[in-house]
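Novice: model-v3.cif is the file, holding mmCIF, C-alpha atoms:
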data_upload
#
loop_
_atom_site.label_atom_id
_atom_site.label_comp_id
_atom_site.auth_asym_id
_atom_site.auth_seq_id
_atom_site.Cartn_x
_atom_site.Cartn_y
_atom_site.Cartn_z
CA MET A 1 0.00 0.00 0.00
CA THR A 2 1.35 3.43 -0.96
CA ALA A 3 2.08 5.70 1.99
CA LEU A 4 0.55 9.15 2.03
CA PRO A 5 2.94 12.11 1.64
CA VAL A 6 3.83 14.12 4.73
CA PHE A 7 4.48 17.84 4.32
CA ASP A 8 3.78 21.18 5.97
CA PRO A 9 1.36 23.10 3.66
CA ARG A 10 2.61 26.40 5.08
CA LYS A 11 6.06 25.72 3.60
CA VAL A 12 4.97 24.68 0.11
CA PRO A 13 5.86 27.27 -2.59
CA VAL A 14 3.01 29.50 -3.81
CA LEU A 15 2.03 29.16 -7.47
CA GLY A 16 -0.39 32.06 -7.50
CA THR A 17 -3.20 33.91 -5.76
CA ASP A 18 -6.82 34.62 -6.70
CA SER A 19 -7.10 38.26 -5.66
CA HIS A 20 -8.45 39.10 -9.14
CA LEU A 21 -11.67 37.22 -8.40
CA PRO A 22 -14.61 38.91 -6.60
CA ALA A 23 -15.50 38.05 -3.02
CA VAL A 24 -18.85 36.46 -2.24
CA ARG A 25 -21.51 39.08 -1.49
CA PRO A 26 -22.09 39.53 2.27
CA GLU A 27 -25.86 39.06 1.94
CA ALA A 28 -25.29 35.65 0.33
CA MET A 29 -23.42 34.51 3.44
CA ALA A 30 -26.21 35.28 5.91
CA SER A 31 -27.61 32.24 7.69
CA TRP A 32 -31.12 32.81 6.30
CA ALA A 33 -29.76 33.05 2.74
CA ILE A 34 -27.78 29.81 3.02
CA ALA A 35 -30.76 28.02 4.61
CA SER A 36 -33.05 29.28 1.81
CA ARG A 37 -30.74 27.95 -0.90
CA PHE A 38 -30.71 24.50 0.66
CA ALA A 39 -34.48 24.56 1.23
CA SER A 40 -35.13 25.52 -2.40
CA GLY A 41 -33.27 22.46 -3.66
CA HIS A 42 -30.46 24.58 -5.10
CA HIS A 43 -28.03 22.47 -7.15
CA TRP A 44 -24.51 23.19 -5.96
CA ILE A 45 -21.84 22.97 -8.66
CA PRO A 46 -18.41 22.30 -7.11
CA GLU A 47 -15.24 23.74 -8.62
CA LEU A 48 -13.47 20.43 -8.03
CA LEU A 49 -14.86 16.91 -7.70
CA GLY A 50 -11.71 15.37 -6.28
CA GLU A 51 -7.96 15.12 -6.05
CA ALA A 52 -5.38 12.89 -7.70
CA ARG A 53 -5.08 9.63 -5.75
CA MET A 54 -2.13 9.55 -3.33
CA THR A 55 -2.67 5.96 -2.17
CA ASP A 56 -3.82 2.66 -3.64
CA LYS A 57 -6.08 1.73 -0.72
CA PRO A 58 -9.77 1.12 -1.54
CA LEU A 59 -12.12 4.09 -1.55
CA ALA A 60 -14.19 4.51 1.63
CA GLN A 61 -17.29 6.59 2.35
CA ALA A 62 -16.92 9.44 4.86
CA ALA A 63 -18.72 12.58 5.97
CA VAL A 64 -17.73 15.85 7.61
CA LEU A 65 -19.76 18.50 9.40
CA ILE A 66 -19.31 22.10 8.27
CA PRO A 67 -20.47 23.87 11.45
CA LEU A 68 -21.63 27.46 10.95
CA VAL A 69 -21.82 29.73 13.98
CA ALA A 70 -23.87 32.95 14.04
CA ARG A 71 -21.74 35.71 15.56
CA GLU A 72 -22.34 39.45 15.83
CA GLY A 73 -19.98 40.14 12.93
CA GLY A 74 -21.41 37.40 10.71
CA LEU A 75 -21.15 33.66 10.33
CA THR A 76 -17.99 31.81 11.30
CA VAL A 77 -16.87 28.28 10.46
CA LEU A 78 -15.83 26.04 13.34
CA LEU A 79 -12.67 24.06 12.56
CA THR A 80 -10.40 21.66 14.40
CA GLN A 81 -6.72 20.86 14.38
CA ARG A 82 -5.98 17.14 14.50
CA THR A 83 -3.52 15.89 17.10
CA SER A 84 0.06 15.25 16.02
CA HIS A 85 0.09 11.57 17.04
CA LEU A 86 -2.63 10.37 14.67
CA SER A 87 -1.57 7.85 12.03
CA SER A 88 -3.06 9.86 9.15
CA HIS A 89 -3.63 13.58 8.53
CA SER A 90 -1.90 14.36 11.83
CA GLY A 91 -1.74 18.04 12.75
CA GLN A 92 -3.99 19.07 9.88
CA ILE A 93 -6.82 21.58 10.02
CA ALA A 94 -10.10 19.76 9.52
CA PHE A 95 -13.85 19.70 9.80
CA PRO A 96 -15.22 17.28 12.39
CA GLY A 97 -15.89 14.02 10.59
CA GLY A 98 -14.73 10.57 9.63
CA LYS A 99 -15.57 7.23 8.03
CA VAL A 100 -19.14 5.99 7.73
CA ASP A 101 -19.95 3.26 10.27
CA ALA A 102 -22.37 0.39 9.64
CA GLN A 103 -24.92 1.84 12.09
CA ASP A 104 -25.02 5.25 10.39
CA VAL A 105 -28.27 5.63 8.44
CA ASN A 106 -26.83 8.35 6.19
CA ALA A 107 -24.03 10.90 5.82
CA ARG A 108 -25.78 13.31 8.19
CA ALA A 109 -25.74 10.69 10.92
CA THR A 110 -22.03 10.09 10.32
CA ALA A 111 -21.16 13.78 10.49
CA LEU A 112 -23.16 14.35 13.68
CA ARG A 113 -21.79 11.22 15.36
CA GLU A 114 -18.20 12.13 14.54
CA ALA A 115 -18.70 15.72 15.71
CA GLU A 116 -20.00 14.43 19.03
CA GLU A 117 -17.05 12.04 19.37
CA GLU A 118 -14.40 14.58 18.39
CA ILE A 119 -15.60 17.84 19.94
CA ASP A 120 -18.49 16.78 22.21
CA LEU A 121 -21.01 18.68 20.09
CA ALA A 122 -24.52 17.47 20.94
CA PRO A 123 -26.46 16.48 17.77
CA ASP A 124 -29.56 18.38 18.93
CA CYS A 125 -27.48 21.59 18.91
CA VAL A 126 -27.08 21.32 15.12
CA GLU A 127 -29.69 22.44 12.61
CA VAL A 128 -28.69 20.49 9.50
CA LEU A 129 -29.29 22.67 6.44
CA GLY A 130 -28.27 20.17 3.78
CA THR A 131 -25.34 18.53 2.04
CA PHE A 132 -22.90 19.47 -0.68
CA PRO A 133 -21.84 17.16 -3.54
CA THR A 134 -19.32 14.49 -2.58
CA TYR A 135 -15.60 15.12 -2.87
CA THR A 136 -13.01 12.37 -3.40
CA SER A 137 -9.83 13.06 -1.46
CA GLY A 138 -6.35 12.00 -2.48
CA SER A 139 -6.30 9.85 0.65
CA ALA A 140 -9.10 7.67 -0.84
CA TYR A 141 -12.21 8.97 0.93
CA ILE A 142 -15.49 9.86 -0.78
CA ILE A 143 -16.54 12.70 1.50
CA THR A 144 -20.05 14.11 1.89
CA PRO A 145 -19.96 17.62 3.41
CA VAL A 146 -22.91 18.22 5.74
CA VAL A 147 -23.70 21.87 6.49
CA GLY A 148 -25.16 22.67 9.90
CA LEU A 149 -26.03 25.83 11.80
CA LEU A 150 -25.12 25.59 15.48
CA ARG A 151 -27.94 26.62 17.79
CA ASP A 152 -27.50 29.24 20.54
CA GLY A 153 -26.03 27.78 23.70
CA PHE A 154 -24.01 25.04 21.99
CA SER A 155 -20.77 23.94 23.63
CA VAL A 156 -17.72 22.05 22.41
CA SER A 157 -14.82 20.29 24.07
CA ALA A 158 -11.88 18.62 22.33
CA ASN A 159 -11.38 14.87 22.53
CA PRO A 160 -7.65 14.82 23.34
CA ASP A 161 -7.18 11.54 21.46
CA GLU A 162 -8.17 13.19 18.18
CA VAL A 163 -8.34 16.98 18.47
CA ALA A 164 -5.60 19.38 19.55
CA ASP A 165 -7.54 22.62 19.08
CA ILE A 166 -10.98 24.03 18.18
CA PHE A 167 -11.32 27.49 16.66
CA GLU A 168 -13.53 29.64 14.42
CA VAL A 169 -12.73 31.52 11.21
CA PRO A 170 -15.03 34.15 9.65
CA LEU A 171 -16.91 32.74 6.68
CA ALA A 172 -16.31 36.01 4.82
CA PHE A 173 -12.55 35.45 5.10
CA LEU A 174 -12.77 31.92 3.73
CA MET A 175 -15.06 32.98 0.86
CA ASP A 176 -12.82 35.84 -0.30
CA PRO A 177 -10.55 34.64 -3.17
CA ALA A 178 -8.00 37.29 -2.18
CA ASN A 179 -7.16 35.03 0.77
CA HIS A 180 -6.60 31.96 -1.40
CA ARG A 181 -3.19 30.62 -2.41
CA ARG A 182 -2.53 27.91 -5.00
CA HIS A 183 0.31 25.52 -4.18
CA ALA A 184 1.88 22.45 -5.74
CA VAL A 185 3.58 19.46 -4.15
CA ASP A 186 5.89 17.15 -6.10
CA TRP A 187 5.32 13.58 -4.94
CA ALA A 188 5.81 10.16 -6.52
CA GLY A 189 6.84 11.76 -9.80
CA GLN A 190 3.67 13.82 -10.11
CA ARG A 191 2.74 17.40 -9.30
CA ARG A 192 -0.21 17.73 -6.93
CA VAL A 193 -1.94 21.12 -6.89
CA SER A 194 -3.87 22.32 -3.84
CA MET A 195 -5.47 25.50 -2.56
CA ILE A 196 -4.35 26.90 0.78
CA LYS A 197 -5.86 29.85 2.63
CA SER A 198 -3.53 32.63 3.68
CA ARG A 199 -4.21 32.30 7.39
CA GLU A 200 -1.44 30.20 8.93
CA GLY A 201 -2.42 26.59 9.28
CA ILE A 202 -5.68 26.67 7.30
CA SER A 203 -5.50 24.46 4.25
CA VAL A 204 -7.86 22.55 2.01
#
Once more with this new file: its structure as structure tokens, please.
Specialist:
Amino acid sequence: MTALPVFDPRKVPVLGTDSHLPAVRPEAMASWAIASRFASGHHWIPELLGEARMTDKPLAQAAVLIPLVAREGGLTVLLTQRTSHLSSHSGQIAFPGGKVDAQDVNARATALREAEEEIDLAPDCVEVLGTFPTYTSGSAYIITPVVGLLRDGFSVSANPDEVADIFEVPLAFLMDPANHRRHAVDWAGQRRVSMIKSREGISV
């Protein structure tokens, strides 16, 4: 089985930035606007459907929760940093989530279960708005992103076996192309291109 590459995304050379592209309109990032788009059956068209495979292990189904938090200055996205001792994706910035288990009835159940296990987020504190199209990662996971709005009074606490830190980033920052950086990693004779946000440690 091919081992996954290990590298620090903050040290990978920058190929270019996307500051020439317009930022998402603030009104489109309001919680009511996002909820309305999901409720209307809006068809999301992803920019990318997946990455080049970095391993020959079989594909596995997974789901992540994209937790949105309503703050005075606008929505934020709750993210985690994985602990450094994990066997895969150690130290990376991530959404709460993981592999689908046999008892999970759907991707939403997986995302909520994993969020409870990783950051002690109670499922009844999440208003699930909908899901995005699946994304196939280079590490051989078919990931369903589940978008949820966290209700007032929610609380989180890191599971020290999996999560080193929990933090929030303004959605407006993440949705502004001026904060995006395109990078490339040479591995196994191929060039792998990724997009990394400008804030230290935030990568996708």
Novice: Residues within 12 Å of A:Pro26, please, as a list in words. Count all atoms listed in the file; anything in the same chain fewer than 5 positions from it doesn't count.
Specialist: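 The contact residues come out as Ser31, Trp32, Ala33, Ile34, Gly73, Gly74, Leu75, Pro170, Leu171, Ala172, Phe173, Met175 and Asp176 of chain A.
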Novice: Just to confirm, what's the straight-line distance from atom CA of A:Phe95 to atom CA of A:Ser139 in Å (one decimal)?
Specialist: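 For atom CA of A:Phe95 relative to atom CA of A:Ser139, the distance reads 15.4 Å.
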Novice: I'd like the residues picked by the PyMOL selection byres ((chain A and resi 133) around 12) written out as a PDB file with C-alpha atoms, in the coordinates of the input, using the chain letters and numbers from the file.
Specialist:
ATOM      1  CA  HIS A  42     -30.460  24.580  -5.100  1.00  0.00           C
ATOM      2  CA  HIS A  43     -28.030  22.470  -7.150  1.00  0.00           C
ATOM      3  CA  TRP A  44     -24.510  23.190  -5.960  1.00  0.00           C
ATOM      4  CA  ILE A  45     -21.840  22.970  -8.660  1.00  0.00           C
ATOM      5  CA  PRO A  46     -18.410  22.300  -7.110  1.00  0.00           C
ATOM      6  CA  GLU A  47     -15.240  23.740  -8.620  1.00  0.00           C
ATOM      7  CA  LEU A  48     -13.470  20.430  -8.030  1.00  0.00           C
ATOM      8  CA  LEU A  49     -14.860  16.910  -7.700  1.00  0.00           C
ATOM      9  CA  GLY A  50     -11.710  15.370  -6.280  1.00  0.00           C
ATOM     10  CA  ALA A  63     -18.720  12.580   5.970  1.00  0.00           C
ATOM     11  CA  VAL A  64     -17.730  15.850   7.610  1.00  0.00           C
ATOM     12  CA  ALA A 107     -24.030  10.900   5.820  1.00  0.00           C
ATOM     13  CA  GLY A 130     -28.270  20.170   3.780  1.00  0.00           C
ATOM     14  CA  THR A 131     -25.340  18.530   2.040  1.00  0.00           C
ATOM     15  CA  PHE A 132     -22.900  19.470  -0.680  1.00  0.00           C
ATOM     16  CA  THR A 134     -19.320  14.490  -2.580  1.00  0.00           C
ATOM     17  CA  TYR A 135     -15.600  15.120  -2.870  1.00  0.00           C
ATOM     18  CA  THR A 136     -13.010  12.370  -3.400  1.00  0.00           C
ATOM     19  CA  ILE A 142     -15.490   9.860  -0.780  1.00  0.00           C
ATOM     20  CA  ILE A 143     -16.540  12.700   1.500  1.00  0.00           C
ATOM     21  CA  THR A 144     -20.050  14.110   1.890  1.00  0.00           C
ATOM     22  CA  PRO A 145     -19.960  17.620   3.410  1.00  0.00           C
ATOM     23  CA  VAL A 146     -22.910  18.220   5.740  1.00  0.00           C
ATOM     24  CA  VAL A 147     -23.700  21.870   6.490  1.00  0.00           C
TER      25      VAL A 147
END
Novice: Could you list the residues chosen by the PyMOL selection byres ((chain A and resi 116) around 12) in this structure as a VMD selection string?
Specialist: chain A and resid 64 to 65 96 to 98 109 to 115 117 to 126 154 to 159 162 to 163
Novice: Just give me the gap between atom CA of A:Ala140 and atom CA of A:Asp104 in Å, one decimal is fine.
Specialist: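 Going from atom CA of A:Ala140 over to atom CA of A:Asp104 covers 19.6 Å.
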